[in-house]
>>> print(open('work_19.cif').read())   # mmCIF, C-alpha atoms
data_my_file
#
loop_
_atom_site.label_atom_id
_atom_site.label_comp_id
_atom_site.auth_asym_id
_atom_site.auth_seq_id
_atom_site.Cartn_x
_atom_site.Cartn_y
_atom_site.Cartn_z
CA MET Q 1 -29.94 -65.95 37.87
CA GLY Q 2 -31.10 -66.54 34.29
CA TYR Q 3 -27.99 -67.27 32.23
CA LEU Q 4 -28.51 -66.50 28.52
CA ASP Q 5 -24.93 -65.95 27.39
CA HIS Q 6 -23.74 -69.43 26.42
CA ALA Q 7 -22.23 -68.10 23.19
CA ALA Q 8 -19.72 -66.22 25.36
CA THR Q 9 -18.96 -69.20 27.55
CA THR Q 10 -20.93 -72.20 28.72
CA PRO Q 11 -20.72 -74.10 32.02
CA MET Q 12 -18.24 -76.96 32.19
CA ARG Q 13 -19.72 -80.37 31.57
CA SER Q 14 -19.42 -82.98 34.30
CA GLU Q 15 -17.34 -85.15 31.96
CA ALA Q 16 -14.85 -82.30 31.50
CA VAL Q 17 -14.67 -81.55 35.21
CA ALA Q 18 -13.96 -85.21 35.99
CA ALA Q 19 -11.30 -85.55 33.29
CA MET Q 20 -9.57 -82.32 34.23
CA THR Q 21 -9.58 -82.77 38.00
CA ALA Q 22 -8.21 -86.29 37.61
CA GLU Q 23 -5.09 -84.74 36.10
CA LEU Q 24 -4.68 -81.69 38.32
CA GLU Q 25 -3.03 -83.61 41.17
CA ARG Q 26 -0.73 -85.58 38.90
CA VAL Q 27 2.73 -84.47 37.90
CA GLY Q 28 4.34 -84.82 34.51
CA ASN Q 29 5.42 -82.72 31.55
CA ALA Q 30 4.23 -84.38 28.36
CA SER Q 31 7.61 -83.62 26.75
CA SER Q 32 9.62 -85.41 29.48
CA LEU Q 33 10.99 -88.89 28.87
CA HIS Q 34 10.58 -90.33 32.37
CA ALA Q 35 7.56 -92.28 33.59
CA SER Q 36 5.53 -89.26 34.72
CA GLY Q 37 6.19 -87.52 31.43
CA ARG Q 38 5.22 -90.60 29.42
CA ARG Q 39 1.99 -90.90 31.40
CA ALA Q 40 1.14 -87.25 30.69
CA ARG Q 41 1.99 -87.78 27.02
CA ARG Q 42 -0.37 -90.73 26.89
CA VAL Q 43 -3.20 -88.56 28.26
CA VAL Q 44 -2.46 -85.88 25.66
CA GLU Q 45 -2.36 -88.35 22.75
CA GLU Q 46 -5.52 -90.15 23.86
CA SER Q 47 -7.20 -86.75 24.09
CA ARG Q 48 -5.94 -85.88 20.62
CA GLU Q 49 -7.54 -89.07 19.30
CA ARG Q 50 -10.85 -88.17 20.94
CA VAL Q 51 -10.79 -84.65 19.47
CA ALA Q 52 -9.91 -86.01 16.03
CA ALA Q 53 -12.69 -88.61 16.12
CA SER Q 54 -15.22 -85.94 17.11
CA LEU Q 55 -14.22 -83.75 14.16
CA GLY Q 56 -13.69 -86.42 11.50
CA VAL Q 57 -9.95 -85.98 11.01
CA ARG Q 58 -6.68 -87.78 11.78
CA PRO Q 59 -5.13 -87.33 15.23
CA SER Q 60 -2.01 -85.90 13.58
CA ASP Q 61 -4.14 -83.05 12.22
CA VAL Q 62 -4.96 -81.72 15.71
CA VAL Q 63 -2.68 -78.98 17.07
CA PHE Q 64 -3.51 -77.96 20.64
CA THR Q 65 -3.51 -74.22 21.41
CA SER Q 66 -4.63 -71.88 24.18
CA GLY Q 67 -8.03 -71.35 22.55
CA GLY Q 68 -9.92 -69.78 19.70
CA THR Q 69 -8.01 -66.51 19.47
CA GLU Q 70 -4.62 -68.19 19.23
CA SER Q 71 -5.94 -70.73 16.74
CA ASP Q 72 -7.40 -67.99 14.53
CA ASN Q 73 -4.18 -65.98 14.68
CA LEU Q 74 -2.11 -69.05 13.85
CA ALA Q 75 -4.36 -69.78 10.88
CA ILE Q 76 -4.49 -66.23 9.51
CA LYS Q 77 -0.88 -65.17 10.05
CA GLY Q 78 0.71 -68.61 9.80
CA LEU Q 79 -1.00 -69.60 6.56
CA TYR Q 80 -0.54 -66.14 5.06
CA TRP Q 81 3.20 -66.14 5.82
CA ALA Q 82 3.61 -69.65 4.42
CA GLY Q 83 1.74 -68.65 1.25
CA ARG Q 84 3.76 -65.47 0.87
CA ASP Q 85 6.96 -67.51 0.99
CA ARG Q 86 5.86 -69.94 -1.73
CA PRO Q 87 7.60 -69.71 -5.12
CA ASP Q 88 4.43 -68.16 -6.57
CA SER Q 89 4.13 -65.80 -3.53
CA ARG Q 90 0.47 -65.63 -2.51
CA THR Q 91 0.09 -62.18 -0.90
CA ALA Q 92 -3.70 -61.81 -0.82
CA LEU Q 93 -6.35 -63.24 1.48
CA ALA Q 94 -10.10 -62.96 1.88
CA VAL Q 95 -12.22 -62.88 5.04
CA SER Q 96 -15.89 -62.22 5.57
CA ALA Q 97 -16.88 -58.83 6.96
CA VAL Q 98 -18.64 -60.46 9.94
CA GLU Q 99 -15.76 -62.54 11.29
CA HIS Q 100 -14.86 -62.53 14.97
CA HIS Q 101 -12.18 -59.97 15.82
CA ALA Q 102 -9.77 -62.87 16.39
CA VAL Q 103 -9.81 -63.14 12.57
CA LEU Q 104 -10.40 -59.50 11.61
CA ASP Q 105 -7.67 -58.02 13.82
CA PRO Q 106 -4.79 -60.25 12.64
CA THR Q 107 -6.00 -59.62 9.10
CA GLN Q 108 -5.79 -55.87 9.69
CA TRP Q 109 -2.34 -56.39 11.23
CA LEU Q 110 -1.20 -58.10 8.03
CA ILE Q 111 -2.51 -55.16 6.01
CA ASP Q 112 -0.71 -52.63 8.22
CA HIS Q 113 2.58 -54.48 8.72
CA GLU Q 114 2.93 -56.86 5.77
CA GLY Q 115 1.17 -54.99 2.97
CA ALA Q 116 -1.31 -57.83 2.49
CA ALA Q 117 -4.06 -57.40 -0.09
CA VAL Q 118 -7.41 -58.31 1.46
CA CYS Q 119 -10.94 -58.88 0.18
CA PHE Q 120 -13.52 -58.23 2.88
CA LEU Q 121 -16.34 -60.43 1.66
CA ARG Q 122 -19.88 -59.13 1.90
CA VAL Q 123 -22.78 -60.90 3.55
CA ASP Q 124 -26.52 -60.69 2.98
CA ASP Q 125 -29.03 -59.15 5.36
CA THR Q 126 -29.20 -62.38 7.39
CA GLY Q 127 -25.45 -62.52 7.99
CA GLN Q 128 -24.70 -65.38 5.59
CA LEU Q 129 -21.85 -65.12 3.10
CA ASP Q 130 -22.67 -63.76 -0.36
CA LEU Q 131 -21.29 -66.53 -2.56
CA ASP Q 132 -21.24 -64.32 -5.66
CA GLY Q 133 -18.98 -61.90 -3.80
CA LEU Q 134 -16.65 -64.79 -2.96
CA ARG Q 135 -16.50 -65.82 -6.61
CA GLU Q 136 -15.80 -62.23 -7.65
CA CYS Q 137 -12.93 -61.97 -5.18
CA ILE Q 138 -11.38 -65.21 -6.36
CA GLY Q 139 -11.72 -64.13 -9.97
CA GLU Q 140 -10.06 -60.80 -9.27
CA HIS Q 141 -7.19 -62.06 -7.10
CA GLU Q 142 -6.85 -65.71 -8.10
CA SER Q 143 -3.14 -65.59 -8.94
CA LEU Q 144 -2.32 -63.95 -5.59
CA LEU Q 145 -5.01 -65.36 -3.30
CA GLY Q 146 -3.61 -67.84 -0.80
CA LEU Q 147 -6.21 -68.04 1.95
CA VAL Q 148 -9.94 -67.59 2.53
CA SER Q 149 -11.35 -67.52 6.08
CA ILE Q 150 -15.10 -67.94 6.60
CA MET Q 151 -16.66 -68.67 9.99
CA TRP Q 152 -18.82 -71.79 10.17
CA ALA Q 153 -21.48 -69.92 12.14
CA ASN Q 154 -21.65 -66.32 13.28
CA ASN Q 155 -21.18 -65.64 16.98
CA GLU Q 156 -23.62 -62.70 17.12
CA VAL Q 157 -26.63 -63.46 14.90
CA GLY Q 158 -26.15 -67.22 14.61
CA ALA Q 159 -26.08 -67.39 10.79
CA ILE Q 160 -24.74 -70.75 9.56
CA ASN Q 161 -22.67 -70.61 6.39
CA PRO Q 162 -22.81 -73.29 3.65
CA ILE Q 163 -19.25 -74.46 4.25
CA ALA Q 164 -19.47 -77.45 1.90
CA GLU Q 165 -20.43 -75.17 -0.99
CA ILE Q 166 -17.84 -72.58 0.01
CA ALA Q 167 -15.18 -75.30 0.16
CA GLU Q 168 -16.06 -76.45 -3.35
CA ILE Q 169 -15.64 -72.90 -4.69
CA VAL Q 170 -12.42 -72.14 -2.82
CA ARG Q 171 -10.45 -75.37 -2.76
CA SER Q 172 -11.12 -76.16 -6.43
CA ARG Q 173 -9.03 -73.05 -7.20
CA GLY Q 174 -6.07 -74.28 -5.14
CA VAL Q 175 -6.74 -71.73 -2.37
CA LEU Q 176 -6.59 -72.71 1.31
CA LEU Q 177 -9.78 -72.47 3.36
CA HIS Q 178 -9.91 -71.77 7.10
CA SER Q 179 -13.07 -71.76 9.17
CA ASP Q 180 -13.63 -70.54 12.72
CA ALA Q 181 -16.03 -73.21 14.01
CA VAL Q 182 -15.96 -72.10 17.64
CA GLN Q 183 -19.73 -71.46 17.75
CA ALA Q 184 -20.76 -74.33 15.49
CA VAL Q 185 -19.10 -77.38 17.02
CA GLY Q 186 -21.53 -79.35 19.16
CA TRP Q 187 -24.60 -77.69 17.62
CA VAL Q 188 -24.40 -78.47 13.91
CA ASP Q 189 -22.53 -81.10 11.90
CA VAL Q 190 -18.93 -79.96 11.55
CA ASP Q 191 -16.75 -82.02 9.23
CA ALA Q 192 -13.26 -80.59 9.56
CA SER Q 193 -12.10 -82.50 6.49
CA LEU Q 194 -14.01 -79.96 4.35
CA VAL Q 195 -11.46 -77.25 5.15
CA ASP Q 196 -7.69 -76.92 5.37
CA ALA Q 197 -7.75 -75.43 8.87
CA LEU Q 198 -10.44 -75.30 11.55
CA THR Q 199 -10.60 -73.41 14.86
CA VAL Q 200 -12.18 -74.98 17.96
CA SER Q 201 -12.31 -73.65 21.54
CA GLY Q 202 -12.73 -75.60 24.78
CA HIS Q 203 -14.93 -73.28 26.82
CA LYS Q 204 -17.56 -72.99 24.07
CA VAL Q 205 -18.34 -76.73 24.22
CA GLY Q 206 -18.35 -77.13 28.00
CA GLY Q 207 -14.64 -77.56 28.55
CA PRO Q 208 -12.16 -75.37 30.44
CA HIS Q 209 -11.00 -71.92 29.43
CA GLY Q 210 -7.54 -71.48 27.94
CA VAL Q 211 -7.45 -74.50 25.65
CA GLY Q 212 -8.50 -75.21 22.08
CA ALA Q 213 -7.18 -76.55 18.83
CA LEU Q 214 -6.32 -75.67 15.27
CA VAL Q 215 -7.13 -78.63 13.08
CA ILE Q 216 -4.69 -78.40 10.21
CA GLY Q 217 -3.71 -81.10 7.73
CA ARG Q 218 -0.20 -82.51 7.81
CA ASP Q 219 0.24 -81.41 4.20
CA VAL Q 220 -0.65 -77.79 5.03
CA THR Q 221 2.28 -75.54 5.95
CA ALA Q 222 1.82 -72.87 8.60
CA THR Q 223 4.58 -70.58 9.84
CA PRO Q 224 4.64 -70.73 13.67
CA LEU Q 225 3.73 -67.74 15.83
CA LEU Q 226 5.61 -69.19 18.81
CA HIS Q 227 9.11 -70.62 18.81
CA GLY Q 228 10.58 -72.73 21.58
CA GLY Q 229 10.42 -76.42 22.33
CA GLY Q 230 8.97 -77.55 19.02
CA GLN Q 231 5.84 -79.13 20.47
CA GLU Q 232 2.78 -79.77 18.32
CA ARG Q 233 4.60 -80.50 15.05
CA ASP Q 234 6.76 -77.41 15.63
CA VAL Q 235 3.66 -75.40 14.68
CA ARG Q 236 2.86 -74.38 18.25
CA SER Q 237 5.67 -74.55 20.79
CA GLY Q 238 4.94 -74.51 24.52
CA THR Q 239 4.43 -76.91 27.40
CA LEU Q 240 1.14 -78.72 26.92
CA ASP Q 241 -1.56 -78.19 29.54
CA THR Q 242 -2.41 -81.84 30.14
CA PRO Q 243 -5.37 -81.28 32.53
CA ALA Q 244 -7.00 -78.70 30.27
CA ILE Q 245 -6.49 -80.86 27.17
CA ALA Q 246 -8.10 -83.83 28.93
CA GLY Q 247 -11.08 -81.66 29.93
CA PHE Q 248 -11.38 -80.20 26.43
CA ALA Q 249 -11.41 -83.62 24.78
CA ALA Q 250 -14.04 -84.95 27.18
CA ALA Q 251 -16.28 -81.91 26.66
CA LEU Q 252 -15.97 -81.97 22.88
CA GLU Q 253 -16.75 -85.68 22.74
CA ALA Q 254 -19.82 -85.19 24.94
CA ALA Q 255 -21.03 -82.19 22.94
CA VAL Q 256 -20.71 -83.94 19.57
CA SER Q 257 -22.16 -87.26 20.74
CA THR Q 258 -25.33 -85.57 22.07
CA GLN Q 259 -25.53 -82.92 19.33
CA VAL Q 260 -28.62 -84.07 17.43
CA GLU Q 261 -30.83 -84.58 20.48
CA ARG Q 262 -29.67 -81.50 22.35
CA ALA Q 263 -29.84 -79.22 19.30
CA LYS Q 264 -33.46 -80.22 18.76
CA GLU Q 265 -34.33 -79.49 22.41
CA ILE Q 266 -32.56 -76.13 22.42
CA SER Q 267 -34.08 -75.11 19.07
CA THR Q 268 -37.55 -75.66 20.54
CA LEU Q 269 -36.63 -73.61 23.60
CA ARG Q 270 -35.15 -70.87 21.41
CA ASP Q 271 -38.28 -70.72 19.25
CA ASP Q 272 -40.38 -70.29 22.40
CA LEU Q 273 -38.07 -67.47 23.54
CA VAL Q 274 -38.36 -65.71 20.16
CA ALA Q 275 -42.15 -65.98 20.05
CA ARG Q 276 -42.56 -64.67 23.61
CA VAL Q 277 -40.14 -61.77 23.13
CA LEU Q 278 -41.91 -60.64 19.95
CA LYS Q 279 -45.31 -60.89 21.67
CA LEU Q 280 -44.04 -58.91 24.67
CA VAL Q 281 -42.17 -56.29 22.63
CA PRO Q 282 -44.00 -56.19 19.24
CA ASP Q 283 -41.59 -53.74 17.60
CA ALA Q 284 -38.50 -55.82 18.46
CA VAL Q 285 -36.66 -57.07 15.38
CA LEU Q 286 -35.20 -60.58 15.17
CA ASN Q 287 -31.82 -60.33 13.46
CA GLY Q 288 -30.21 -63.10 11.43
CA PRO Q 289 -31.74 -65.92 9.38
CA LYS Q 290 -35.49 -66.35 9.70
CA ASP Q 291 -35.22 -69.96 8.50
CA THR Q 292 -34.26 -71.76 11.68
CA THR Q 293 -32.26 -74.36 9.74
CA ASP Q 294 -29.83 -71.56 8.87
CA ARG Q 295 -29.48 -70.36 12.48
CA LEU Q 296 -27.62 -71.88 15.42
CA PRO Q 297 -30.09 -73.70 17.69
CA GLY Q 298 -29.39 -71.55 20.74
CA ASN Q 299 -29.19 -68.12 19.14
CA ALA Q 300 -31.78 -65.33 19.38
CA HIS Q 301 -30.55 -61.85 18.49
CA PHE Q 302 -32.89 -58.84 18.70
CA THR Q 303 -32.87 -55.12 18.06
CA PHE Q 304 -35.01 -53.18 20.52
CA PRO Q 305 -35.82 -49.80 18.91
CA GLY Q 306 -35.28 -46.83 21.19
CA CYS Q 307 -32.95 -48.73 23.51
CA GLU Q 308 -29.20 -48.59 23.96
CA GLY Q 309 -28.06 -52.20 24.07
CA ASP Q 310 -25.60 -51.60 26.92
CA ALA Q 311 -28.26 -49.90 29.03
CA LEU Q 312 -30.77 -52.69 28.45
CA LEU Q 313 -28.11 -55.30 29.23
CA MET Q 314 -27.30 -53.69 32.58
CA LEU Q 315 -30.96 -53.35 33.50
CA LEU Q 316 -31.53 -57.03 32.80
CA ASP Q 317 -28.37 -57.89 34.70
CA ALA Q 318 -29.63 -55.98 37.74
CA ALA Q 319 -32.84 -57.99 37.46
CA GLY Q 320 -30.93 -61.28 37.42
CA VAL Q 321 -30.82 -62.03 33.68
CA GLU Q 322 -27.44 -62.29 31.96
CA CYS Q 323 -27.09 -61.79 28.22
CA SER Q 324 -24.80 -59.94 25.79
CA THR Q 325 -24.70 -57.15 23.24
CA GLY Q 326 -22.49 -59.33 21.02
CA SER Q 327 -19.01 -60.78 21.29
CA ALA Q 328 -17.80 -60.98 24.88
CA CYS Q 329 -14.33 -60.04 23.61
CA GLN Q 330 -15.68 -56.61 22.66
CA ALA Q 331 -17.80 -56.10 25.78
CA GLY Q 332 -17.39 -52.70 27.41
CA VAL Q 333 -16.35 -51.04 24.16
CA PRO Q 334 -19.19 -48.66 23.12
CA GLN Q 335 -19.35 -49.18 19.39
CA PRO Q 336 -21.98 -50.52 17.00
CA SER Q 337 -21.85 -54.18 16.08
CA HIS Q 338 -19.70 -54.62 12.96
CA VAL Q 339 -21.80 -57.69 12.18
CA LEU Q 340 -25.09 -55.77 12.06
CA VAL Q 341 -23.48 -52.91 10.11
CA ALA Q 342 -22.20 -55.41 7.52
CA MET Q 343 -25.74 -56.79 7.31
CA GLY Q 344 -27.03 -53.32 6.41
CA ALA Q 345 -28.25 -52.03 9.78
CA ASP Q 346 -27.88 -48.36 10.66
CA GLU Q 347 -25.74 -47.36 13.63
CA ALA Q 348 -28.68 -46.80 15.99
CA SER Q 349 -30.06 -50.28 15.32
CA ALA Q 350 -26.60 -51.78 15.65
CA ARG Q 351 -26.26 -50.19 19.10
CA GLY Q 352 -29.70 -51.22 20.30
CA SER Q 353 -29.34 -54.97 20.06
CA LEU Q 354 -29.00 -57.90 22.45
CA ARG Q 355 -28.02 -61.53 21.99
CA PHE Q 356 -29.72 -64.22 24.04
CA SER Q 357 -27.88 -67.52 23.67
CA LEU Q 358 -28.90 -70.88 25.09
CA GLY Q 359 -26.68 -73.86 25.86
CA HIS Q 360 -26.49 -77.36 27.24
CA THR Q 361 -27.73 -76.36 30.72
CA SER Q 362 -30.57 -74.09 29.55
CA THR Q 363 -34.13 -74.75 30.66
CA SER Q 364 -37.54 -73.13 30.25
CA ARG Q 365 -36.94 -71.39 33.58
CA ASP Q 366 -34.21 -69.27 31.95
CA VAL Q 367 -36.69 -68.13 29.31
CA ASP Q 368 -39.40 -67.48 31.92
CA GLU Q 369 -37.02 -65.26 33.90
CA LEU Q 370 -36.13 -63.27 30.80
CA ILE Q 371 -39.76 -62.70 29.86
CA ALA Q 372 -40.63 -61.66 33.41
CA MET Q 373 -37.95 -58.97 33.42
CA LEU Q 374 -37.73 -57.88 29.78
CA GLY Q 375 -40.83 -55.64 29.55
CA PRO Q 376 -39.97 -53.31 32.46
CA SER Q 377 -36.32 -53.25 31.41
CA VAL Q 378 -37.17 -52.20 27.86
CA GLU Q 379 -39.46 -49.44 29.16
CA ARG Q 380 -36.74 -48.09 31.46
CA ALA Q 381 -34.10 -48.29 28.71
CA ARG Q 382 -36.36 -46.35 26.35
CA ARG Q 383 -37.02 -43.67 28.94
CA ALA Q 384 -33.29 -43.36 29.52
CA GLY Q 385 -32.74 -43.09 25.78
CA LEU Q 386 -35.29 -40.32 25.46
CA THR Q 387 -33.76 -38.26 28.25
CA SER Q 388 -30.38 -38.45 26.53
CA VAL Q 389 -31.68 -36.92 23.29
CA PRO Q 390 -30.75 -33.17 23.03
CA THR Q 391 -33.75 -30.83 23.07
CA ALA Q 392 -34.24 -28.81 19.90
CA VAL Q 393 -33.75 -25.06 20.30
#
>>> encode(input="work_19.cif", output="structure tokens")
Amino acid sequence: MGYLDHAATTPMRSEAVAAMTAELERVGNASSLHASGRRARRVVEESRERVAASLGVRPSDVVFTSGGTESDNLAIKGLYWAGRDRPDSRTALAVSAVEHHAVLDPTQWLIDHEGAAVCFLRVDDTGQLDLDGLRECIGEHESLLGLVSIMWANNEVGAINPIAEIAEIVRSRGVLLHSDAVQAVGWVDVDASLVDALTVSGHKVGGPHGVGALVIGRDVTATPLLHGGGQERDVRSGTLDTPAIAGFAAALEAAVSTQVERAKEISTLRDDLVARVLKLVPDAVLNGPKDTTDRLPGNAHFTFPGCEGDALLMLLDAAGVECSTGSACQAGVPQPSHVLVAMGADEASARGSLRFSLGHTSTSRDVDELIAMLGPSVERARRAGLTSVPTAV
């Protein structure tokens, strides 16, 4: 099986498996005061220190969550609610049009239920944020704008945003900046101190599912989504999953410590994949940044004219190659990619695209298997597309 869907989830690293399994047979609630509880608490706090060191922040800035979706929701809703309740009542926020639905959907919820004013920030044809549009939004809503959320790197087309420059524009105006760095951590330099809140997810870096973190400064107020035991600075109540947190910390540390070397290896492998796909299917279109320094090392996103992306995906799957049409969270929902539409693609192109994503276990064999199966699969997908076109009368 050729696995080319690491952006959806990547295999657990051996370090994470060892750290997690070591805790699975041990008892102890990290909020309990007895010996077992104190031991579990020590594991949690040592893990917090490892996460903080990997991201360049203080341990007290790390709030453990169930993963990227919860962290994004806590950032968007929690920071919006806190800003709304300030004396100067900040009731506007801005998000890029290509954010993951874990950011876009809570934003839409705030529009529908809270009357929030929202700027949906435009991107260019590579998927990177249009900085002039950001400046225009701030200029128009500055007195009301409380939060800007811009992903560090796009999960579909791999476009890396200039977060340092964005931070300078946003934070100099006294506006909070959140970034979903789920795809970026472990592949590019991520300095969480550049932003006020940062989302990280365990299973994207080789850790377990169901665990992640929102990195949020102690001086930043967020209204909780969950109320209960007051864990995690009373920002995120709930019994801490000690085994998962240990596995997450080990995976993140391993991913960041090997980032430079592994990113170089995977970039070379990705470039080979791109060149071979374009040679095999000359009319395929590579989406996203053409400058590889602006693209995630493992990302290759193509449009295959005349193909339905879902049909091509299933044909490749039947041939033993696993990939994606975009975000795994939207899989099975037949709709064009909102990312490609925001980049200026028409609906047909947005439906006829596939993402091949490499990760820490990828080898040249994965690319070879794709190339061996792609040509026949594209031909069959195109024939299927033609037979579905109504005949003119």
>>> closest_residue(input="work_19.cif", among="Q:Val188, Q:Gly139, Q:Ala345, Q:Ile169", to="Leu55 of chain Q", atoms="only C-alpha atoms")
Q:Val188
>>> closest_residue(input="work_19.cif", among="Q:Thr268, Q:Asn287, Q:Asn73, Q:Thr293", to="Pro162 of chain Q", atoms="only C-alpha atoms")
Q:Thr293
>>> residues_near_point(input="work_19.cif", point="(-8.0, -86.7, 36.0)", cutoff="12 Å", atoms="only C-alpha atoms", output="number ranges by chain")
Q: 15-27, 39-40, 43-44, 47, 242-247, 250
>>> resolve_selection(input="work_19.cif", expression="the PyMOL selection byres ((chain Q and resi 127) around 9)", output="NGL selection string")
:Q and (98 or 122-126 or 128-130 or 154 or 157-161 or 287-289 or 339-340 or 342-343)
>>> closest_residue(input="work_19.cif", among="Q:Leu177, Q:Ala311, Q:Ala249, Q:Val274", to="Glu46 of chain Q", atoms="only C-alpha atoms")
Q:Ala249
>>> atom_distance(input="work_19.cif", atom1="atom CA of Val57 of chain Q", atom2="atom CA of Ala192 of chain Q")
6.5 Å
>>> closest_residue(input="work_19.cif", among="Q:Gly133, Q:Gly217, Q:Gly2, Q:Pro224", to="Ala82 of chain Q", atoms="all atoms listed in the file")
Q:Pro224
>>> resolve_selection(input="work_19.cif", expression="the PyMOL selection byres ((chain Q and resi 325) around 7)", output="list in words")
Gly309, Asp310, Ser324, Gly326, Ser353, Leu354 and Arg355 of chain Q
>>> residues_around(input="work_19.cif", residues="Ser267 of chain Q", least_positions_apart="3", cutoff="7 Å", atoms="only C-alpha atoms", output="ChimeraX atom specification")
/Q:263-264,270-271,297-298
>>> residues_around(input="work_19.cif", residues="Leu286 of chain Q", least_positions_apart="5", cutoff="8 Å", atoms="all atoms listed in the file", output="list in words")
Val274, Ala300, His301, Phe302 and Thr303 of chain Q
>>> residues_around(input="work_19.cif", residues="Ala164 of chain Q", least_positions_apart="6", cutoff="12 Å", atoms="all atoms listed in the file", output="PDB file with C-alpha atoms, in the frame of the given file")
ATOM      1  CA  LEU Q 131     -21.290 -66.530  -2.560  1.00  0.00           C
ATOM      2  CA  ILE Q 150     -15.100 -67.940   6.600  1.00  0.00           C
ATOM      3  CA  TRP Q 152     -18.820 -71.790  10.170  1.00  0.00           C
ATOM      4  CA  VAL Q 170     -12.420 -72.140  -2.820  1.00  0.00           C
ATOM      5  CA  ARG Q 171     -10.450 -75.370  -2.760  1.00  0.00           C
ATOM      6  CA  SER Q 172     -11.120 -76.160  -6.430  1.00  0.00           C
ATOM      7  CA  LEU Q 177      -9.780 -72.470   3.360  1.00  0.00           C
ATOM      8  CA  SER Q 179     -13.070 -71.760   9.170  1.00  0.00           C
ATOM      9  CA  ASP Q 189     -22.530 -81.100  11.900  1.00  0.00           C
ATOM     10  CA  VAL Q 190     -18.930 -79.960  11.550  1.00  0.00           C
ATOM     11  CA  ASP Q 191     -16.750 -82.020   9.230  1.00  0.00           C
ATOM     12  CA  ALA Q 192     -13.260 -80.590   9.560  1.00  0.00           C
ATOM     13  CA  SER Q 193     -12.100 -82.500   6.490  1.00  0.00           C
ATOM     14  CA  LEU Q 194     -14.010 -79.960   4.350  1.00  0.00           C
ATOM     15  CA  VAL Q 195     -11.460 -77.250   5.150  1.00  0.00           C
TER      16      VAL Q 195
END
>>> closest_residue(input="work_19.cif", among="Q:Ala348, Q:Leu226, Q:Leu358, Q:Leu312", to="Arg262 of chain Q", atoms="all atoms listed in the file")
Q:Leu358
>>> decode(input="work_19.cif", residues="segment 278-288 of chain Q", atoms="N, CA, C and O atoms", output="compact mmCIF listing (two decimals), in the first residue's frame")
# COMPACT_ATOMS: atom_id res chain seq x y z
N LEU Q 278 3.92 15.26 -13.60
CA LEU Q 278 3.75 16.18 -14.73
C LEU Q 278 4.26 15.57 -16.04
O LEU Q 278 3.74 15.89 -17.11
N LYS Q 279 5.25 14.71 -15.97
CA LYS Q 279 5.73 14.02 -17.17
C LYS Q 279 4.72 12.98 -17.62
O LYS Q 279 4.46 12.81 -18.82
N LEU Q 280 4.12 12.29 -16.64
CA LEU Q 280 3.16 11.23 -16.94
C LEU Q 280 1.82 11.78 -17.41
O LEU Q 280 1.20 11.25 -18.34
N VAL Q 281 1.38 12.87 -16.78
CA VAL Q 281 0.11 13.51 -17.12
C VAL Q 281 0.41 14.97 -17.45
O VAL Q 281 0.31 15.85 -16.59
N PRO Q 282 0.82 15.28 -18.69
CA PRO Q 282 1.32 16.62 -19.04
C PRO Q 282 0.34 17.76 -18.79
O PRO Q 282 0.76 18.90 -18.56
N ASP Q 283 -0.98 17.48 -18.84
CA ASP Q 283 -1.93 18.57 -18.64
C ASP Q 283 -2.34 18.72 -17.17
O ASP Q 283 -3.20 19.55 -16.84
N ALA Q 284 -1.75 17.94 -16.27
CA ALA Q 284 -2.02 18.12 -14.84
C ALA Q 284 -1.49 19.49 -14.40
O ALA Q 284 -0.50 20.00 -14.94
N VAL Q 285 -2.16 20.08 -13.44
CA VAL Q 285 -1.79 21.42 -12.96
C VAL Q 285 -1.37 21.31 -11.50
O VAL Q 285 -2.12 20.80 -10.67
N LEU Q 286 -0.16 21.77 -11.19
CA LEU Q 286 0.30 21.81 -9.81
C LEU Q 286 -0.28 23.04 -9.13
O LEU Q 286 -0.02 24.17 -9.57
N ASN Q 287 -1.07 22.85 -8.09
CA ASN Q 287 -1.67 23.96 -7.37
C ASN Q 287 -0.80 24.39 -6.19
O ASN Q 287 -0.08 23.58 -5.62
N GLY Q 288 -0.91 25.68 -5.82
CA GLY Q 288 -0.14 26.18 -4.70
C GLY Q 288 1.12 26.88 -5.16
O GLY Q 288 1.35 27.07 -6.36
